[in-house]
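Trainee: I have a structure here, written as structure tokens, and I will follow up with some questions on it.
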Amino acid sequence: MMFKLFWNGGEAARHSSKGWLPWLASPLLALLVLFLPITTGCRTAFSPLPPLNLKDPGWTVHEGQAVWSMEHGKGEIAGEVLVASGGDASTFVQFTKTPFPFVIARSTASRWEVQFPAQNRHYSGRGQPPKRLIWLYLPRVLAGKPPPRNWAWHDKDGIWRLENLASGERLEGYFTR
């Protein structure tokens with residue numbers, strides 16, 4: 001029947017009780033229903049946070065060295081870490097293996113985003129960040145807030161470690177300034 005609709009000039013559709021319009025409208029309606037929320041509702045979720053200047057008043061910046069141990073023993077990367085906290089609940093974390101940034105994480109009181117430039121991955125959202133993004137929790141625990149449930153935080157003699165006990169992912173490091 002479908003073959004005849006295209007090759008018979010629609011004559012088969014004229015003889016059917018439903019016609020060809022419902023057959024054509026149904027997929028178009030489905031596409032509209034699927035893509036309309038994606039194109040309009042998610043637009044703000046993917047817009048980047050506004051630029052920031054860590055030299056503005058109110059920012060506390062820590063720089064140092066860290067080792068990122070990925071979940072379930074998938075490897076370790078040593079590099080430089082920069083953690084900054086602003087007075088308005090804004091945070092910024094960058095983990096770099098010179099000359100490449102591996103992780104750039106930012107949060108505000110209501111939004112968060114994490115980029116993994118080497119892998120061309122970007123995650124963002126509103127509210128509390130997911131627990132799989134350890135980088136967004138480092139500024140929080142440095143500020144004295146407790147880590148999420150099933151996580152461990154240690155800070156002794158300037159050496160710190162944040163660990164997700166469920167996944168095995170952890171950050172260990174120290175700050176030079």
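By convention in this document, the chains of the structure tokens carry letters A, B, ... by their order, each chain's residues are numbered from 1, and ligands are numbered from 1 in the order they are shown.
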Could you give me, as a Markdown table, a per-residue list for range 111-138 of chain A showing, wherever an atom lies at most 9 Å from an atom of range 153-173 of chain A, the closest pair of atoms and their distance in Å to one decimal, using only C-alpha atoms and sorting by chain then residue number from low to high?
Mentor:
```
| residue | atom | partner | partner_atom | distance |
| --- | --- | --- | --- | --- |
| A:Lys131 | CA | A:Asn164 | CA | 8.3 |
| A:Arg132 | CA | A:Ser167 | CA | 8.3 |
| A:Ile134 | CA | A:Asn164 | CA | 7.6 |
| A:Trp135 | CA | A:Leu171 | CA | 8.5 |
| A:Tyr137 | CA | A:Leu162 | CA | 8.5 |
| A:Leu138 | CA | A:Leu162 | CA | 7.1 |
```
Trainee: Only N, CA and C atoms, please: the residues just picked out, written as a PDB file, in the first residue's frame.
Mentor:
```pdb
ATOM      1  N   LYS A 131      26.588  13.114  41.810  1.00  0.00           N
ATOM      2  CA  LYS A 131      27.723  12.659  42.604  1.00  0.00           C
ATOM      3  C   LYS A 131      28.839  12.061  41.753  1.00  0.00           C
ATOM      4  N   ARG A 132      28.586  11.786  40.503  1.00  0.00           N
ATOM      5  CA  ARG A 132      29.652  11.237  39.662  1.00  0.00           C
ATOM      6  C   ARG A 132      30.648  12.308  39.231  1.00  0.00           C
ATOM      7  N   ILE A 134      33.047  14.511  40.729  1.00  0.00           N
ATOM      8  CA  ILE A 134      33.808  14.783  41.948  1.00  0.00           C
ATOM      9  C   ILE A 134      34.360  16.205  41.981  1.00  0.00           C
ATOM     10  N   TRP A 135      34.646  16.771  40.810  1.00  0.00           N
ATOM     11  CA  TRP A 135      35.273  18.090  40.731  1.00  0.00           C
ATOM     12  C   TRP A 135      34.405  19.184  41.318  1.00  0.00           C
ATOM     13  N   TYR A 137      32.556  18.920  43.926  1.00  0.00           N
ATOM     14  CA  TYR A 137      32.473  18.781  45.380  1.00  0.00           C
ATOM     15  C   TYR A 137      33.753  19.214  46.083  1.00  0.00           C
ATOM     16  N   LEU A 138      34.859  19.310  45.359  1.00  0.00           N
ATOM     17  CA  LEU A 138      36.117  19.724  45.989  1.00  0.00           C
ATOM     18  C   LEU A 138      36.022  21.109  46.627  1.00  0.00           C
TER      19      LEU A 138
END
```
Trainee: Can you list, as a compact mmCIF listing (two decimals) with N, CA and C atoms, in the first residue's frame, every protein, DNA or RNA residue that comes within 8 Å of Leu82 in chain A when you count only C-alpha atoms, leaving out same-chain residues fewer than 4 positions away?
Mentor:
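Output saved as part_22.txt:
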```txt
# COMPACT_ATOMS: atom_id res chain seq x y z
N VAL A 61 41.58 31.99 45.81
CA VAL A 61 42.15 31.07 44.83
C VAL A 61 43.25 30.24 45.48
N HIS A 62 43.20 28.92 45.24
CA HIS A 62 44.23 27.98 45.70
C HIS A 62 44.80 27.28 44.48
N GLU A 63 46.12 27.20 44.41
CA GLU A 63 46.78 26.50 43.32
C GLU A 63 47.69 25.44 43.90
N GLY A 64 47.78 24.31 43.21
CA GLY A 64 48.64 23.25 43.71
C GLY A 64 48.74 22.09 42.74
N PHE A 92 35.03 27.55 40.97
CA PHE A 92 35.72 27.24 39.72
C PHE A 92 36.84 26.27 40.04
N VAL A 93 36.95 25.20 39.25
CA VAL A 93 38.02 24.22 39.40
C VAL A 93 38.58 23.93 38.02
N GLN A 94 39.91 23.93 37.93
CA GLN A 94 40.55 23.55 36.68
C GLN A 94 41.68 22.59 36.99
N PHE A 95 41.69 21.47 36.29
CA PHE A 95 42.73 20.46 36.43
C PHE A 95 43.44 20.38 35.09
```
Trainee: Which residue gives the smallest distance to Pro101 in chain A among A:Ala89, A:Ile77, A:Ala152, A:Ala84, with only C-alpha atoms counted?
Mentor: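 Closest residue, counting only C-alpha atoms: A:Ile77.
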Trainee: As a CSV table (one decimal) with all heavy atoms, in the first residue's frame, please: every residue in range 82-165 of chain A that a backbone DSSP assignment puts in strand (DSSP E).
Mentor:
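Full text of out-v5.csv as output:
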```
chain,number,residue,atom,x,y,z
A,82,LEU,N,43.6,24.1,40.2
A,82,LEU,CA,43.3,25.5,40.6
A,82,LEU,C,41.9,25.4,41.2
A,82,LEU,O,41.0,24.9,40.4
A,82,LEU,CB,43.4,26.5,39.5
A,82,LEU,CG,43.1,27.9,39.8
A,82,LEU,CD1,44.0,28.8,39.1
A,82,LEU,CD2,41.7,28.3,39.5
A,83,VAL,N,41.7,25.8,42.4
A,83,VAL,CA,40.3,25.8,43.0
A,83,VAL,C,40.0,27.3,43.5
A,83,VAL,O,40.8,27.8,44.2
A,83,VAL,CB,40.2,24.9,44.2
A,83,VAL,CG1,38.8,24.9,44.8
A,83,VAL,CG2,40.6,23.5,43.7
A,84,ALA,N,38.9,27.8,43.0
A,84,ALA,CA,38.6,29.2,43.4
A,84,ALA,C,37.1,29.2,43.9
A,84,ALA,O,36.3,28.5,43.4
A,84,ALA,CB,38.7,30.1,42.2
A,85,SER,N,36.9,30.0,45.0
A,85,SER,CA,35.6,30.2,45.5
A,85,SER,C,35.2,31.7,45.6
A,85,SER,O,36.1,32.5,46.1
A,85,SER,CB,35.5,29.6,46.9
A,85,SER,OG,35.7,28.2,46.9
A,91,THR,N,31.9,28.8,42.3
A,91,THR,CA,33.2,28.0,42.4
A,91,THR,C,33.7,27.8,41.0
A,91,THR,O,33.0,27.8,40.0
A,91,THR,CB,33.0,26.7,43.1
A,91,THR,OG1,32.2,25.8,42.3
A,91,THR,CG2,32.4,26.9,44.5
A,92,PHE,N,35.0,27.5,41.0
A,92,PHE,CA,35.7,27.2,39.7
A,92,PHE,C,36.8,26.3,40.0
A,92,PHE,O,37.6,26.5,41.0
A,92,PHE,CB,36.3,28.5,39.1
A,92,PHE,CG,37.1,28.3,37.9
A,92,PHE,CD1,36.5,28.2,36.6
A,92,PHE,CD2,38.5,28.2,37.9
A,92,PHE,CE1,37.2,28.0,35.5
A,92,PHE,CE2,39.2,28.0,36.8
A,92,PHE,CZ,38.6,27.9,35.6
A,93,VAL,N,36.9,25.2,39.2
A,93,VAL,CA,38.0,24.2,39.4
A,93,VAL,C,38.6,23.9,38.0
A,93,VAL,O,37.8,23.7,37.1
A,93,VAL,CB,37.5,22.9,40.0
A,93,VAL,CG1,38.7,21.9,40.1
A,93,VAL,CG2,36.9,23.1,41.4
A,94,GLN,N,39.9,23.9,37.9
A,94,GLN,CA,40.6,23.5,36.7
A,94,GLN,C,41.7,22.6,37.0
A,94,GLN,O,42.5,22.8,37.9
A,94,GLN,CB,41.1,24.8,35.9
A,94,GLN,CG,41.7,24.4,34.6
A,94,GLN,CD,42.1,25.6,33.8
A,94,GLN,OE1,41.3,26.6,33.7
A,94,GLN,NE2,43.2,25.6,33.2
A,95,PHE,N,41.7,21.5,36.3
A,95,PHE,CA,42.7,20.5,36.4
A,95,PHE,C,43.4,20.4,35.1
A,95,PHE,O,42.8,20.1,34.1
A,95,PHE,CB,42.1,19.1,36.8
A,95,PHE,CG,43.1,18.0,37.0
A,95,PHE,CD1,44.0,18.1,38.1
A,95,PHE,CD2,43.2,17.0,36.1
A,95,PHE,CE1,45.0,17.0,38.3
A,95,PHE,CE2,44.1,15.9,36.3
A,95,PHE,CZ,45.0,16.0,37.4
A,96,THR,N,44.7,20.6,35.1
A,96,THR,CA,45.5,20.7,33.9
A,96,THR,C,46.7,19.8,33.9
A,96,THR,O,47.4,19.8,34.9
A,96,THR,CB,46.0,22.2,33.7
A,96,THR,OG1,44.9,23.1,33.8
A,96,THR,CG2,46.7,22.4,32.4
A,97,LYS,N,47.0,19.2,32.9
A,97,LYS,CA,48.2,18.5,32.6
A,97,LYS,C,48.9,19.3,31.5
A,97,LYS,O,48.5,19.2,30.3
A,97,LYS,CB,48.0,17.0,32.2
A,97,LYS,CG,49.2,16.2,31.9
A,97,LYS,CD,49.9,15.8,33.2
A,97,LYS,CE,51.0,14.8,32.9
A,97,LYS,NZ,51.6,14.4,34.1
A,100,PHE,N,47.5,21.0,28.5
A,100,PHE,CA,46.1,20.7,28.2
A,100,PHE,C,45.2,20.7,29.5
A,100,PHE,O,45.5,20.1,30.5
A,100,PHE,CB,45.9,19.4,27.6
A,100,PHE,CG,46.8,19.2,26.3
A,100,PHE,CD1,47.9,18.4,26.3
A,100,PHE,CD2,46.4,19.9,25.2
A,100,PHE,CE1,48.7,18.3,25.2
A,100,PHE,CE2,47.2,19.7,24.0
A,100,PHE,CZ,48.3,18.9,24.0
A,101,PRO,N,44.1,21.5,29.4
A,101,PRO,CA,43.1,21.3,30.5
A,101,PRO,C,42.3,20.0,30.4
A,101,PRO,O,41.8,19.7,29.3
A,101,PRO,CB,42.2,22.6,30.3
A,101,PRO,CG,42.3,22.9,28.9
A,101,PRO,CD,43.7,22.5,28.4
A,102,PHE,N,42.3,19.3,31.5
A,102,PHE,CA,41.6,18.0,31.4
A,102,PHE,C,40.1,18.2,32.0
A,102,PHE,O,39.2,17.6,31.5
A,102,PHE,CB,42.3,16.9,32.3
A,102,PHE,CG,43.2,16.1,31.6
A,102,PHE,CD1,44.5,16.6,31.3
A,102,PHE,CD2,42.9,14.9,31.1
A,102,PHE,CE1,45.4,15.9,30.6
A,102,PHE,CE2,43.8,14.1,30.3
A,102,PHE,CZ,45.1,14.6,30.1
A,103,VAL,N,40.0,19.1,33.0
A,103,VAL,CA,38.7,19.3,33.6
A,103,VAL,C,38.5,20.8,33.9
A,103,VAL,O,39.5,21.4,34.4
A,103,VAL,CB,38.5,18.5,34.9
A,103,VAL,CG1,37.2,18.8,35.5
A,103,VAL,CG2,38.8,17.1,34.7
A,104,ILE,N,37.4,21.3,33.5
A,104,ILE,CA,37.0,22.7,33.9
A,104,ILE,C,35.6,22.6,34.5
A,104,ILE,O,34.7,22.2,33.8
A,104,ILE,CB,37.0,23.7,32.7
A,104,ILE,CG1,38.4,23.7,32.1
A,104,ILE,CG2,36.5,25.1,33.2
A,104,ILE,CD1,38.4,24.4,30.7
A,105,ALA,N,35.5,22.9,35.8
A,105,ALA,CA,34.2,22.8,36.5
A,105,ALA,C,33.8,24.1,37.1
A,105,ALA,O,34.7,24.8,37.7
A,105,ALA,CB,34.3,21.7,37.6
A,106,ARG,N,32.5,24.4,37.0
A,106,ARG,CA,32.0,25.7,37.6
A,106,ARG,C,30.7,25.4,38.2
A,106,ARG,O,29.9,24.6,37.8
A,106,ARG,CB,31.9,26.7,36.5
A,106,ARG,CG,33.2,27.2,36.0
A,106,ARG,CD,33.0,28.4,35.0
A,106,ARG,NE,32.3,29.5,35.6
A,106,ARG,CZ,31.7,30.5,34.9
A,106,ARG,NH1,31.8,30.5,33.7
A,106,ARG,NH2,31.1,31.4,35.6
A,107,SER,N,30.4,26.2,39.2
A,107,SER,CA,29.1,26.1,39.8
A,107,SER,C,28.7,27.5,40.4
A,107,SER,O,29.5,28.3,40.7
A,107,SER,CB,29.0,25.1,40.9
A,107,SER,OG,29.8,25.4,42.0
A,111,ARG,N,23.3,26.6,39.5
A,111,ARG,CA,23.7,25.9,38.3
A,111,ARG,C,25.1,25.3,38.4
A,111,ARG,O,25.9,25.8,39.2
A,111,ARG,CB,23.7,26.9,37.1
A,111,ARG,CG,22.3,27.4,36.8
A,111,ARG,CD,22.2,28.3,35.6
A,111,ARG,NE,22.9,27.7,34.4
A,111,ARG,CZ,23.3,28.4,33.4
A,111,ARG,NH1,23.2,29.7,33.4
A,111,ARG,NH2,23.9,27.7,32.4
A,112,TRP,N,25.4,24.4,37.5
A,112,TRP,CA,26.7,23.8,37.5
A,112,TRP,C,27.0,23.3,36.1
A,112,TRP,O,26.1,23.1,35.3
A,112,TRP,CB,26.8,22.6,38.5
A,112,TRP,CG,25.8,21.5,38.2
A,112,TRP,CD1,24.5,21.4,38.8
A,112,TRP,CD2,25.9,20.5,37.2
A,112,TRP,NE1,23.9,20.3,38.2
A,112,TRP,CE2,24.7,19.7,37.3
A,112,TRP,CE3,26.9,20.0,36.4
A,112,TRP,CZ2,24.4,18.6,36.5
A,112,TRP,CZ3,26.6,18.9,35.6
A,112,TRP,CH2,25.4,18.2,35.7
A,113,GLU,N,28.3,23.2,35.8
A,113,GLU,CA,28.8,22.7,34.5
A,113,GLU,C,30.2,22.1,34.6
A,113,GLU,O,31.0,22.6,35.4
A,113,GLU,CB,28.7,23.7,33.4
A,113,GLU,CG,29.7,24.8,33.5
A,113,GLU,CD,29.6,25.9,32.3
A,113,GLU,OE1,28.5,25.9,31.6
A,113,GLU,OE2,30.5,26.6,32.1
A,114,VAL,N,30.4,21.1,33.9
A,114,VAL,CA,31.7,20.5,33.9
A,114,VAL,C,32.1,20.2,32.4
A,114,VAL,O,31.3,19.6,31.7
A,114,VAL,CB,31.8,19.2,34.7
A,114,VAL,CG1,33.1,18.5,34.6
A,114,VAL,CG2,31.5,19.4,36.2
A,115,GLN,N,33.3,20.5,32.1
A,115,GLN,CA,33.8,20.3,30.7
A,115,GLN,C,35.0,19.4,30.8
A,115,GLN,O,35.9,19.5,31.7
A,115,GLN,CB,34.2,21.5,30.0
A,115,GLN,CG,33.1,22.5,29.8
A,115,GLN,CD,33.6,23.8,29.3
A,115,GLN,OE1,34.6,23.9,28.6
A,115,GLN,NE2,33.0,24.9,29.6
A,116,PHE,N,35.1,18.4,29.9
A,116,PHE,CA,36.3,17.6,29.7
A,116,PHE,C,36.8,17.8,28.3
A,116,PHE,O,36.4,17.1,27.4
A,116,PHE,CB,35.9,16.1,29.9
A,116,PHE,CG,35.4,15.8,31.3
A,116,PHE,CD1,34.1,15.8,31.6
A,116,PHE,CD2,36.3,15.4,32.3
A,116,PHE,CE1,33.6,15.5,32.9
A,116,PHE,CE2,35.9,15.2,33.6
A,116,PHE,CZ,34.5,15.2,33.9
A,121,ARG,N,33.6,16.5,26.0
A,121,ARG,CA,32.3,16.2,26.7
A,121,ARG,C,32.0,17.4,27.6
A,121,ARG,O,32.9,18.1,28.1
A,121,ARG,CB,32.5,15.0,27.6
A,121,ARG,CG,32.7,13.7,26.8
A,121,ARG,CD,32.7,12.5,27.7
A,121,ARG,NE,33.0,12.7,29.1
A,121,ARG,CZ,33.5,11.7,29.9
A,121,ARG,NH1,33.7,10.5,29.4
A,121,ARG,NH2,33.8,12.0,31.1
A,122,HIS,N,30.7,17.7,27.7
A,122,HIS,CA,30.2,18.8,28.5
A,122,HIS,C,29.0,18.4,29.2
A,122,HIS,O,28.1,17.8,28.6
A,122,HIS,CB,30.0,20.0,27.6
A,122,HIS,CG,29.4,21.1,28.3
A,122,HIS,ND1,28.0,21.4,28.3
A,122,HIS,CD2,29.9,22.1,29.0
A,122,HIS,CE1,27.8,22.5,29.0
A,122,HIS,NE2,28.9,23.0,29.5
A,123,TYR,N,28.9,18.6,30.5
A,123,TYR,CA,27.7,18.3,31.3
A,123,TYR,C,27.3,19.6,32.0
A,123,TYR,O,28.1,20.4,32.5
A,123,TYR,CB,27.9,17.2,32.4
A,123,TYR,CG,28.5,16.0,31.8
A,123,TYR,CD1,29.8,15.7,31.7
A,123,TYR,CD2,27.6,15.0,31.2
A,123,TYR,CE1,30.3,14.5,31.2
A,123,TYR,CE2,28.1,13.9,30.7
A,123,TYR,CZ,29.4,13.6,30.6
A,123,TYR,OH,29.9,12.5,30.1
A,124,SER,N,26.0,19.9,32.1
A,124,SER,CA,25.5,21.0,32.9
A,124,SER,C,24.1,20.7,33.4
A,124,SER,O,23.4,19.8,32.9
A,124,SER,CB,25.5,22.3,32.0
A,124,SER,OG,24.6,22.1,30.9
A,125,GLY,N,23.7,21.5,34.4
A,125,GLY,CA,22.4,21.3,35.0
A,125,GLY,C,22.1,22.3,36.0
A,125,GLY,O,22.9,23.3,36.3
A,126,ARG,N,21.0,22.2,36.6
A,126,ARG,CA,20.5,23.1,37.7
A,126,ARG,C,20.4,22.3,39.0
A,126,ARG,O,20.3,21.1,39.0
A,126,ARG,CB,19.1,23.6,37.4
A,126,ARG,CG,19.1,24.4,36.1
A,126,ARG,CD,17.8,25.1,35.9
A,126,ARG,NE,17.8,25.9,34.7
A,126,ARG,CZ,18.3,27.1,34.5
A,126,ARG,NH1,18.9,27.7,35.6
A,126,ARG,NH2,18.2,27.7,33.4
A,151,TRP,N,31.1,9.2,50.8
A,151,TRP,CA,32.3,9.8,50.4
A,151,TRP,C,33.2,10.0,51.6
A,151,TRP,O,32.7,10.0,52.7
A,151,TRP,CB,32.1,11.1,49.7
A,151,TRP,CG,31.5,11.1,48.3
A,151,TRP,CD1,30.5,10.2,47.9
A,151,TRP,CD2,31.8,11.9,47.3
A,151,TRP,NE1,30.2,10.5,46.6
A,151,TRP,CE2,31.0,11.6,46.2
A,151,TRP,CE3,32.7,13.0,47.1
A,151,TRP,CZ2,31.0,12.2,44.9
A,151,TRP,CZ3,32.7,13.6,45.9
A,151,TRP,CH2,31.9,13.2,44.8
A,152,ALA,N,34.5,10.2,51.4
A,152,ALA,CA,35.4,10.4,52.5
A,152,ALA,C,36.3,11.7,52.1
A,152,ALA,O,36.7,11.9,51.0
A,152,ALA,CB,36.4,9.2,52.7
A,153,TRP,N,36.5,12.5,53.2
A,153,TRP,CA,37.3,13.7,53.0
A,153,TRP,C,38.4,13.7,54.1
A,153,TRP,O,38.1,13.5,55.3
A,153,TRP,CB,36.5,14.9,53.1
A,153,TRP,CG,37.3,16.2,53.3
A,153,TRP,CD1,37.3,17.0,54.4
A,153,TRP,CD2,38.1,16.8,52.3
A,153,TRP,NE1,38.1,18.1,54.2
A,153,TRP,CE2,38.6,18.0,52.9
A,153,TRP,CE3,38.4,16.5,51.0
A,153,TRP,CZ2,39.5,18.8,52.2
A,153,TRP,CZ3,39.3,17.3,50.3
A,153,TRP,CH2,39.8,18.5,50.9
A,154,HIS,N,39.6,13.8,53.7
A,154,HIS,CA,40.7,13.9,54.7
A,154,HIS,C,41.6,15.1,54.4
A,154,HIS,O,41.9,15.4,53.2
A,154,HIS,CB,41.6,12.7,54.6
A,154,HIS,CG,40.9,11.4,54.9
A,154,HIS,ND1,40.5,11.0,56.1
A,154,HIS,CD2,40.5,10.4,54.0
A,154,HIS,CE1,39.9,9.8,56.0
A,154,HIS,NE2,39.8,9.5,54.7
A,155,ASP,N,42.0,15.9,55.4
A,155,ASP,CA,42.8,17.0,55.2
A,155,ASP,C,43.8,17.1,56.4
A,155,ASP,O,43.4,17.4,57.5
A,155,ASP,CB,42.0,18.3,55.1
A,155,ASP,CG,42.9,19.5,54.7
A,155,ASP,OD1,44.1,19.4,54.5
A,155,ASP,OD2,42.3,20.6,54.7
A,156,LYS,N,45.0,16.7,56.2
A,156,LYS,CA,46.0,16.6,57.3
A,156,LYS,C,47.3,17.1,56.8
A,156,LYS,O,47.8,16.7,55.8
A,156,LYS,CB,46.1,15.2,57.8
A,156,LYS,CG,47.0,15.1,59.0
A,156,LYS,CD,47.0,13.7,59.6
A,156,LYS,CE,47.9,13.6,60.8
A,156,LYS,NZ,48.0,12.3,61.3
A,159,ILE,N,47.9,18.1,53.2
A,159,ILE,CA,47.6,17.1,52.1
A,159,ILE,C,46.1,16.7,52.3
A,159,ILE,O,45.7,16.4,53.3
A,159,ILE,CB,48.5,15.8,52.3
A,159,ILE,CG1,49.9,16.2,52.5
A,159,ILE,CG2,48.2,14.9,51.2
A,159,ILE,CD1,50.6,16.5,51.2
A,160,TRP,N,45.4,16.8,51.2
A,160,TRP,CA,44.0,16.5,51.2
A,160,TRP,C,43.6,15.4,50.2
A,160,TRP,O,44.4,15.1,49.3
A,160,TRP,CB,43.1,17.8,50.9
A,160,TRP,CG,43.6,18.5,49.7
A,160,TRP,CD1,44.4,19.6,49.6
A,160,TRP,CD2,43.2,18.2,48.3
A,160,TRP,NE1,44.6,20.0,48.3
A,160,TRP,CE2,43.9,19.2,47.5
A,160,TRP,CE3,42.5,17.2,47.7
A,160,TRP,CZ2,43.8,19.2,46.1
A,160,TRP,CZ3,42.4,17.2,46.3
A,160,TRP,CH2,43.0,18.2,45.5
A,161,ARG,N,42.5,14.8,50.5
A,161,ARG,CA,42.0,13.7,49.7
A,161,ARG,C,40.5,13.7,49.8
A,161,ARG,O,39.9,13.6,50.8
A,161,ARG,CB,42.6,12.3,50.1
A,161,ARG,CG,42.1,11.2,49.2
A,161,ARG,CD,42.7,9.9,49.4
A,161,ARG,NE,42.1,9.4,50.7
A,161,ARG,CZ,42.7,8.3,51.3
A,161,ARG,NH1,43.8,7.8,50.9
A,161,ARG,NH2,42.1,7.9,52.4
A,162,LEU,N,39.9,13.6,48.6
A,162,LEU,CA,38.4,13.5,48.5
A,162,LEU,C,38.2,12.2,47.7
A,162,LEU,O,38.7,12.0,46.6
A,162,LEU,CB,37.8,14.7,47.7
A,162,LEU,CG,36.3,14.7,47.5
A,162,LEU,CD1,35.5,14.6,48.8
A,162,LEU,CD2,35.9,15.9,46.7
A,163,GLU,N,37.3,11.3,48.2
A,163,GLU,CA,37.1,10.0,47.6
A,163,GLU,C,35.7,9.6,47.6
A,163,GLU,O,35.0,9.8,48.6
A,163,GLU,CB,37.9,9.0,48.4
A,163,GLU,CG,37.9,7.6,47.7
A,163,GLU,CD,38.8,6.6,48.4
A,163,GLU,OE1,39.4,6.9,49.5
A,163,GLU,OE2,38.9,5.5,47.9
A,164,ASN,N,35.2,9.2,46.5
A,164,ASN,CA,33.9,8.6,46.3
A,164,ASN,C,34.1,7.1,46.6
A,164,ASN,O,34.6,6.4,45.8
A,164,ASN,CB,33.4,8.8,44.9
A,164,ASN,CG,32.0,8.3,44.7
A,164,ASN,OD1,31.6,7.3,45.3
A,164,ASN,ND2,31.3,8.8,43.7
```
Trainee: Could you work out how far CA of Pro139 in chain A lies from CA of Lys55 in chain A, giving the answer in Å with one decimal?
Mentor: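 Between CA of Lys55 in chain A and CA of Pro139 in chain A the gap is 17.4 Å.
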Trainee: Would you mind writing down, as a PyMOL selection string, each residue of range 53-144 of chain A that DSSP on the backbone assigns to helix (DSSP H, G or I)?
Mentor: chain A and resi 71-73+117-119+134-136+138-142
Trainee: Could the residues in this selection be saved with N, CA, C and O atoms as a PDB file, in the first residue's frame?
Mentor:
```pdb
ATOM      1  N   GLU A  71      37.615   6.252  38.468  1.00  0.00           N
ATOM      2  CA  GLU A  71      36.832   5.205  39.124  1.00  0.00           C
ATOM      3  C   GLU A  71      37.278   3.806  38.724  1.00  0.00           C
ATOM      4  O   GLU A  71      37.690   3.563  37.595  1.00  0.00           O
ATOM      5  N   HIS A  72      37.182   2.923  39.692  1.00  0.00           N
ATOM      6  CA  HIS A  72      37.458   1.489  39.535  1.00  0.00           C
ATOM      7  C   HIS A  72      38.819   1.207  38.895  1.00  0.00           C
ATOM      8  O   HIS A  72      38.946   0.331  38.045  1.00  0.00           O
ATOM      9  N   GLY A  73      39.833   1.985  39.267  1.00  0.00           N
ATOM     10  CA  GLY A  73      41.190   1.722  38.808  1.00  0.00           C
ATOM     11  C   GLY A  73      41.425   1.936  37.326  1.00  0.00           C
ATOM     12  O   GLY A  73      42.288   1.287  36.740  1.00  0.00           O
ATOM     13  N   PRO A 117      37.546  18.887  28.080  1.00  0.00           N
ATOM     14  CA  PRO A 117      37.918  19.296  26.721  1.00  0.00           C
ATOM     15  C   PRO A 117      38.629  18.209  25.915  1.00  0.00           C
ATOM     16  O   PRO A 117      38.393  18.086  24.713  1.00  0.00           O
ATOM     17  N   ALA A 118      39.486  17.428  26.527  1.00  0.00           N
ATOM     18  CA  ALA A 118      40.223  16.401  25.791  1.00  0.00           C
ATOM     19  C   ALA A 118      39.288  15.336  25.220  1.00  0.00           C
ATOM     20  O   ALA A 118      39.604  14.697  24.219  1.00  0.00           O
ATOM     21  N   GLN A 119      38.139  15.152  25.861  1.00  0.00           N
ATOM     22  CA  GLN A 119      37.170  14.154  25.403  1.00  0.00           C
ATOM     23  C   GLN A 119      35.968  14.792  24.706  1.00  0.00           C
ATOM     24  O   GLN A 119      35.023  14.096  24.346  1.00  0.00           O
ATOM     25  N   ILE A 134      33.047  14.511  40.729  1.00  0.00           N
ATOM     26  CA  ILE A 134      33.808  14.783  41.948  1.00  0.00           C
ATOM     27  C   ILE A 134      34.360  16.205  41.981  1.00  0.00           C
ATOM     28  O   ILE A 134      34.513  16.801  43.041  1.00  0.00           O
ATOM     29  N   TRP A 135      34.646  16.771  40.810  1.00  0.00           N
ATOM     30  CA  TRP A 135      35.273  18.090  40.731  1.00  0.00           C
ATOM     31  C   TRP A 135      34.405  19.184  41.318  1.00  0.00           C
ATOM     32  O   TRP A 135      34.930  20.177  41.829  1.00  0.00           O
ATOM     33  N   LEU A 136      33.096  19.043  41.275  1.00  0.00           N
ATOM     34  CA  LEU A 136      32.213  20.071  41.813  1.00  0.00           C
ATOM     35  C   LEU A 136      32.110  20.005  43.332  1.00  0.00           C
ATOM     36  O   LEU A 136      31.633  20.949  43.956  1.00  0.00           O
ATOM     37  N   LEU A 138      34.859  19.310  45.359  1.00  0.00           N
ATOM     38  CA  LEU A 138      36.117  19.724  45.989  1.00  0.00           C
ATOM     39  C   LEU A 138      36.022  21.109  46.627  1.00  0.00           C
ATOM     40  O   LEU A 138      36.382  21.261  47.801  1.00  0.00           O
ATOM     41  N   PRO A 139      35.532  22.152  45.944  1.00  0.00           N
ATOM     42  CA  PRO A 139      35.422  23.460  46.606  1.00  0.00           C
ATOM     43  C   PRO A 139      34.494  23.437  47.817  1.00  0.00           C
ATOM     44  O   PRO A 139      34.718  24.144  48.800  1.00  0.00           O
ATOM     45  N   ARG A 140      33.490  22.609  47.772  1.00  0.00           N
ATOM     46  CA  ARG A 140      32.531  22.536  48.884  1.00  0.00           C
ATOM     47  C   ARG A 140      33.186  21.990  50.149  1.00  0.00           C
ATOM     48  O   ARG A 140      32.994  22.525  51.233  1.00  0.00           O
ATOM     49  N   VAL A 141      33.926  20.896  50.009  1.00  0.00           N
ATOM     50  CA  VAL A 141      34.546  20.320  51.203  1.00  0.00           C
ATOM     51  C   VAL A 141      35.705  21.191  51.689  1.00  0.00           C
ATOM     52  O   VAL A 141      35.957  21.268  52.891  1.00  0.00           O
ATOM     53  N   LEU A 142      36.380  21.865  50.768  1.00  0.00           N
ATOM     54  CA  LEU A 142      37.428  22.807  51.181  1.00  0.00           C
ATOM     55  C   LEU A 142      36.847  23.961  51.988  1.00  0.00           C
ATOM     56  O   LEU A 142      37.510  24.519  52.857  1.00  0.00           O
TER      57      LEU A 142
END
```
Trainee: To one decimal in Å, tell me the separation between CA of Asp56 in chain A and CA of Thr98 in chain A.
Mentor: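 Separation of CA of Asp56 in chain A and CA of Thr98 in chain A: 25.1 Å.
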